[in-house]
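Asks: Provided herewith is a single structure, encoded as structure tokens, for subsequent inquiry.
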Amino acid sequence: INRAFHLFKQKLHEVELLIGYEGNAFAFTGNVEEDLLSITAVHPMREDAVEQFLQRAGSGWNIVERLIRQGKLIESVFQGNKFYLRKLKRGEKAA
């Protein structure tokens, strides 16, 4: 991972190496579905972070289930934790 970081850093202006959990402080603009898709396009969200986000937004888990059914969101398990990521279409760039 360190080697990849340095290779990217040589070619790109700004590169970050995220090796720890960043927490659950995700912004909310008022459109829960679009906010979730925007966040998860660039940052996988742990299940507990999604739950807290939805709670702050006054929404329910049904939004996540609908986005998964529509093929817009992916559920993945890593090191015993569930994460949610936006499913990008081929050629689509992250926000």
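Chain labels run A, B, ... following the order of the structure tokens; each chain numbers its residues from 1, and ligands are numbered from 1 in the order shown.
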Please identify all polymer residues within 12 Å of Lys87 (chain A), counting only C-alpha atoms, omitting same-chain residues fewer than 5 positions from it, and present them as a PyMOL selection string.
Replies: chain A and resi 36-44+67-76+92-94
Asks: Could you please determine the separation between CA of Gly80 (chain A) and CA of Val50 (chain A) in Å, to one decimal place?
Replies: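 Result for CA of Gly80 (chain A) versus CA of Val50 (chain A): 16.0 Å, one decimal.
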Asks: Could you pull out the helix (DSSP H, G or I) residues of region 3-84 of chain A, going by DSSP on the backbone, and write them as number ranges by chain?
Replies: A: 3-11, 32-42, 47-57, 62-69
Asks: Determine the nearest neighbour of Glu47 (chain A) from the options A:Lys89, A:Trp61, A:Asn2, A:Lys82, counting only C-alpha atoms.
Replies: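 Among the listed residues, the smallest separation from Glu47 (chain A) belongs to A:Lys82.
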Asks: Looking at A:Leu88, A:Val77, A:Ile63, A:Ala4, which one is nearest to Glu34 (chain A), with distances taken over only C-alpha atoms?
Replies: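 Using only C-alpha atoms, the shortest distance to Glu34 (chain A) belongs to A:Ile63.
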Asks: What does the distance from CA of Leu85 (chain A) to CA of Asn31 (chain A) come to in Å, to one decimal?
Replies: 17.4 Å
Asks: Using only C-alpha atoms, find the one residue out of A:Val15, A:Val64, A:Ala49, A:Leu7 that sits nearest to Val32 (chain A).
Replies: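 Smallest distance to Val32 (chain A) is found for A:Val64.
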Asks: Nearest to Gln79 (chain A): which of A:Lys11, A:Arg56, A:Arg3, A:Arg46 is it, counting only C-alpha atoms?
Replies: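 Among A:Lys11, A:Arg56, A:Arg3, A:Arg46, it is A:Arg46 that comes nearest to Gln79 (chain A).
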Asks: Grab the CA of Phe5 (chain A) to CA of Asp48 (chain A) distance for me, in Å with one decimal place.
Replies: 28.0 Å
